[in-house]
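Below is one structure; the comments refer to it alone.
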Amino acid sequence: MSYNRSNIGSGSRNVGRNTFEFGRTYVVMPKGTHQATIVWLHAIGETGSSWTQFLESLPIPNIKWICPTAPTRPITLFGGHHSTAWFNVEGLSENATDDVEGLDASATHIVNMLSNERDDIKLGVAGFSMGAAMALYSATCRAIGQFGNGNRYPINLSVAVALSGWLPCSRIVRSRVHASREAARRAASLPVLVCHGQVDDVVEHKLGENSAEILRSSGFQNIMFCSYNGLGHYTIPQEMYDVCSWLVRQMGISGYGE
């Protein structure tokens with residue numbers, strides 16, 4: 001195995017009314033020349049190690065994958081039951097209240113990990129389910145140039161990938177991107193890939209589709225939405241082939257055994 005346990009970011013804490021400690025971070029080192037680093041964000045209830053062997057198997061040898069573990073916190077959707085989660089979830093609908101404090105804390109944790117990379121390394125964020133929601137939230141923060149709390153978003157993301165997820169704070173994204181010419185420019189230039197299964201019984205396909213459409217109408221011009229017939233709340237080889245092809249193309253890196 002080429003992945004290692006790491007203390008990158010471990011011990012970081014959210015700042016606010018409640019403090020939640022992030023868990024251990026795992027790293028899958030590139031087998032080839034290190035050209036890009038992507039933070040991969042797990043689903044609710046998982047850990048950073050949940051995806052390491054899967055990511056190691058992908059035919060993109062020049063990507064370093066950083067796999068953090070979310071804090072354990074009470075989840076409103078689960079009746080207050082504690083679970084690893086990047087933010088609190090009230091419900092999976094566009095009308096649900098967003099936990100901006102939790103979103104910002106996790107987005108900051110992601111930034112802190114990527115800030116350690118060399119200047120010549122391209123940076124990305126990706127995830128599955130709740131991890132996908134965090135990836136899309138990070139993309140909007142990059143475009144707007146700020147976290148939800150108004151603090152400056154300091155890094156240059158090259159890509160964002162969301163599998164079986166949704167867009168947090170979807171009701172205000174459009175107005176925030178349109179608030180400045182610079183935000184609109186960044187949104188237009190950031191490549192975003194959104195993938196969703198048509199028979200997803202956890203995060204409805206329509207929610208993923210609507211999330212992509214909201215981003216597109218907000219000015220994210222380089223966005224691709226891929227829909228998969230018969231796919232539920234999991235991944236399949238065709239989806240990951242599409243993700244790998246898209247990453248190689250958008251990041252300008254070598255792939256598929258090169």
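Residues are named by chain letter and number: chains run A, B, ... in the order of the structure tokens, numbers start at 1 in each chain, and ligands are numbered from 1 in the order shown.
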Could you give me, as a PyMOL selection string, the residues within 7 Å of Ser49 of chain A, counting only C-alpha atoms and dropping anything in the same chain fewer than 2 positions from it?
-> chain A and resi 26+47+51-52+67
Output file for the selection above: N, CA and C atoms, as a compact mmCIF listing (two decimals), in the first residue's frame:
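Result file part_0.txt:
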# COMPACT_ATOMS: atom_id res chain seq x y z
N TYR A 26 -5.53 10.66 6.34
CA TYR A 26 -4.78 9.64 5.62
C TYR A 26 -4.35 10.22 4.27
N THR A 47 -14.89 7.51 7.59
CA THR A 47 -13.65 8.13 8.04
C THR A 47 -12.74 8.35 6.83
N TRP A 51 -11.87 5.54 1.95
CA TRP A 51 -11.70 5.64 0.51
C TRP A 51 -10.26 5.45 0.05
N THR A 52 -9.32 5.22 0.96
CA THR A 52 -7.91 5.22 0.56
C THR A 52 -7.56 4.11 -0.43
N CYS A 67 -6.98 12.51 2.59
CA CYS A 67 -8.29 12.01 3.03
C CYS A 67 -8.49 12.29 4.53
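Surrounding segment 111-128 of chain A within 6 Å are Gln35, Ala36, Thr37, Ile38, Val39, Trp40, Leu41, His42, Ala43, Thr108, Gly131, Ala132, Ala135, Leu157, Ser158, Val159, Ala160, Val161, Ala162, Leu163 and Ser164 of chain A, with only C-alpha atoms counted and residues fewer than 3 positions along the same chain left out.
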Could the residues in this selection be written to a file with N, CA and C atoms, as an mmCIF file, in the first residue's frame?
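Wrote it out as selection_35.cif, contents follow:
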data_model
loop_
_atom_site.group_PDB
_atom_site.id
_atom_site.type_symbol
_atom_site.label_atom_id
_atom_site.label_comp_id
_atom_site.auth_asym_id
_atom_site.auth_seq_id
_atom_site.Cartn_x
_atom_site.Cartn_y
_atom_site.Cartn_z
ATOM 1 N N GLN A 35 1.904 15.903 -9.542
ATOM 2 C CA GLN A 35 1.449 17.057 -10.303
ATOM 3 C C GLN A 35 0.258 17.765 -9.678
ATOM 4 N N ALA A 36 -0.513 17.049 -8.865
ATOM 5 C CA ALA A 36 -1.727 17.626 -8.298
ATOM 6 C C ALA A 36 -2.019 17.003 -6.944
ATOM 7 N N THR A 37 -2.690 17.746 -6.095
ATOM 8 C CA THR A 37 -3.153 17.245 -4.803
ATOM 9 C C THR A 37 -4.641 17.521 -4.684
ATOM 10 N N ILE A 38 -5.401 16.482 -4.352
ATOM 11 C CA ILE A 38 -6.849 16.619 -4.198
ATOM 12 C C ILE A 38 -7.247 16.124 -2.812
ATOM 13 N N VAL A 39 -7.996 16.930 -2.104
ATOM 14 C CA VAL A 39 -8.580 16.494 -0.836
ATOM 15 C C VAL A 39 -9.861 15.734 -1.156
ATOM 16 N N TRP A 40 -9.932 14.477 -0.691
ATOM 17 C CA TRP A 40 -11.124 13.648 -0.894
ATOM 18 C C TRP A 40 -11.916 13.583 0.409
ATOM 19 N N LEU A 41 -13.196 13.928 0.344
ATOM 20 C CA LEU A 41 -14.047 14.054 1.526
ATOM 21 C C LEU A 41 -15.081 12.937 1.573
ATOM 22 N N HIS A 42 -15.081 12.217 2.668
ATOM 23 C CA HIS A 42 -15.941 11.044 2.824
ATOM 24 C C HIS A 42 -17.390 11.428 3.112
ATOM 25 N N ALA A 43 -18.254 10.432 3.087
ATOM 26 C CA ALA A 43 -19.675 10.612 3.387
ATOM 27 C C ALA A 43 -19.894 10.616 4.895
ATOM 28 N N THR A 108 -12.307 25.508 6.031
ATOM 29 C CA THR A 108 -11.026 26.032 6.514
ATOM 30 C C THR A 108 -10.029 24.905 6.738
ATOM 31 N N GLY A 131 -19.514 14.606 1.581
ATOM 32 C CA GLY A 131 -18.220 15.087 1.111
ATOM 33 C C GLY A 131 -18.341 15.855 -0.191
ATOM 34 N N ALA A 132 -19.264 15.424 -1.048
ATOM 35 C CA ALA A 132 -19.527 16.146 -2.290
ATOM 36 C C ALA A 132 -20.120 17.514 -1.998
ATOM 37 N N ALA A 135 -17.360 19.724 -1.118
ATOM 38 C CA ALA A 135 -16.588 20.093 -2.300
ATOM 39 C C ALA A 135 -17.253 21.238 -3.047
ATOM 40 N N LEU A 157 -8.216 26.947 -6.102
ATOM 41 C CA LEU A 157 -8.643 25.609 -6.504
ATOM 42 C C LEU A 157 -8.629 25.493 -8.019
ATOM 43 N N SER A 158 -8.167 24.349 -8.499
ATOM 44 C CA SER A 158 -8.169 24.090 -9.939
ATOM 45 C C SER A 158 -9.401 23.320 -10.386
ATOM 46 N N VAL A 159 -9.968 22.474 -9.484
ATOM 47 C CA VAL A 159 -11.146 21.670 -9.820
ATOM 48 C C VAL A 159 -11.951 21.371 -8.560
ATOM 49 N N ALA A 160 -13.223 21.039 -8.774
ATOM 50 C CA ALA A 160 -14.087 20.507 -7.715
ATOM 51 C C ALA A 160 -14.918 19.380 -8.308
ATOM 52 N N VAL A 161 -15.027 18.269 -7.570
ATOM 53 C CA VAL A 161 -15.772 17.099 -8.039
ATOM 54 C C VAL A 161 -16.758 16.673 -6.958
ATOM 55 N N ALA A 162 -18.007 16.470 -7.350
ATOM 56 C CA ALA A 162 -19.054 16.089 -6.397
ATOM 57 C C ALA A 162 -19.795 14.866 -6.911
ATOM 58 N N LEU A 163 -19.744 13.780 -6.135
ATOM 59 C CA LEU A 163 -20.453 12.549 -6.486
ATOM 60 C C LEU A 163 -21.599 12.330 -5.502
ATOM 61 N N SER A 164 -22.806 12.243 -6.023
ATOM 62 C CA SER A 164 -23.994 11.922 -5.219
ATOM 63 C C SER A 164 -24.201 12.911 -4.077
#
At what distance in Å, to one decimal, does atom CA of Asp242 of chain A lie from atom CA of Pro68 of chain A?
->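 Atom-to-atom, atom CA of Pro68 of chain A and atom CA of Asp242 of chain A are spaced 23.8 Å apart.
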Do you know which residues are at most 12 Å from Ile60 of chain A counting only C-alpha atoms, after dropping those on the same chain fewer than 4 positions away, and could you put them as a VMD selection string?
-> chain A and resid 28 to 38 54 to 56 64 to 65 240 to 241 243 to 249 251 to 258
Which of segment 46-135 of chain A DSSP labels alpha helix (DSSP H), written as a list in words | Thr52, Gln53, Phe54, Leu55, Glu56, Val100, Glu101, Gly102, Leu103, Asp104, Ala105, Ser106, Ala107, Thr108, His109, Ile110, Val111, Asn112, Met113, Leu114, Met130, Gly131, Ala132, Ala133, Met134 and Ala135 of chain A
Prev. selection, C-alpha atoms, output as a CSV table (one decimal), in the first residue's frame:
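And here is the file that came out, result30.csv:
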chain,number,residue,atom,x,y,z
A,52,THR,CA,-7.9,5.2,0.6
A,53,GLN,CA,-7.7,1.8,-1.1
A,54,PHE,CA,-10.2,2.8,-3.7
A,55,LEU,CA,-8.3,6.0,-4.5
A,56,GLU,CA,-5.1,4.1,-4.7
A,100,VAL,CA,-22.7,27.8,7.9
A,101,GLU,CA,-20.5,27.6,11.0
A,102,GLY,CA,-19.8,23.9,10.4
A,103,LEU,CA,-19.4,24.4,6.7
A,104,ASP,CA,-16.8,27.1,7.2
A,105,ALA,CA,-14.9,25.1,9.8
A,106,SER,CA,-14.6,22.2,7.5
A,107,ALA,CA,-13.8,24.4,4.5
A,108,THR,CA,-11.0,26.0,6.5
A,109,HIS,CA,-9.7,22.6,7.5
A,110,ILE,CA,-9.5,21.7,3.8
A,111,VAL,CA,-7.7,25.0,3.0
A,112,ASN,CA,-5.2,24.4,5.7
A,113,MET,CA,-4.2,21.0,4.3
A,114,LEU,CA,-3.9,22.3,0.7
A,130,MET,CA,-21.8,14.9,2.3
A,131,GLY,CA,-18.2,15.1,1.1
A,132,ALA,CA,-19.5,16.1,-2.3
A,133,ALA,CA,-21.6,18.9,-0.6
A,134,MET,CA,-18.4,20.1,1.1
A,135,ALA,CA,-16.6,20.1,-2.3
Identify which of the residues A:Arg142, A:Gly232, A:Ser170, A:His205 lies closest to Val192 of chain A, counting only C-alpha atoms when measuring atom-to-atom distances.
->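 The closest residue to Val192 of chain A is A:Arg142.
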A straight line from atom CA of Cys169 of chain A to atom CA of Thr97 of chain A spans 8.3 Å
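Residue nearest Ser227 of chain A, chosen from A:Val202, A:Cys195, A:Leu207, A:Thr140 and counting only C-alpha atoms: A:Cys195.
Of the residues in segment 135-246 of chain A, those given strand (DSSP E or B) by DSSP on the backbone are A:Gln146, A:Arg152, A:Val159, A:Ala160, A:Val161, A:Ala162, A:Leu163, A:Val192, A:Leu193, A:Val194, A:Cys195, A:His196, A:Gly197, A:Ile223, A:Met224, A:Phe225, A:Cys226, A:Ser227, A:Tyr228.
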Do you have the atom CA of Tyr228 of chain A-atom CA of His196 of chain A distance handy?
->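 Rounded to one decimal, the two atoms are 6.3 Å apart.
Of the listed residues (A:Ala143, A:Asn149, A:Glu204, A:Gln250), A:Ala143 comes nearest to Gly219 of chain A; the distances count only C-alpha atoms.
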Of the residues A:Leu193, A:Ile172, A:Leu167, A:Ala179, which is the one nearest to Ser211 of chain A, using only C-alpha atoms?
->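 Distance minimum relative to Ser211 of chain A lands on A:Leu167.
Comparing A:Pro61, A:Arg185, A:Gly165, A:Phe78 by their smallest distance to Ala212 of chain A, the closest is A:Gly165 (using only C-alpha atoms).
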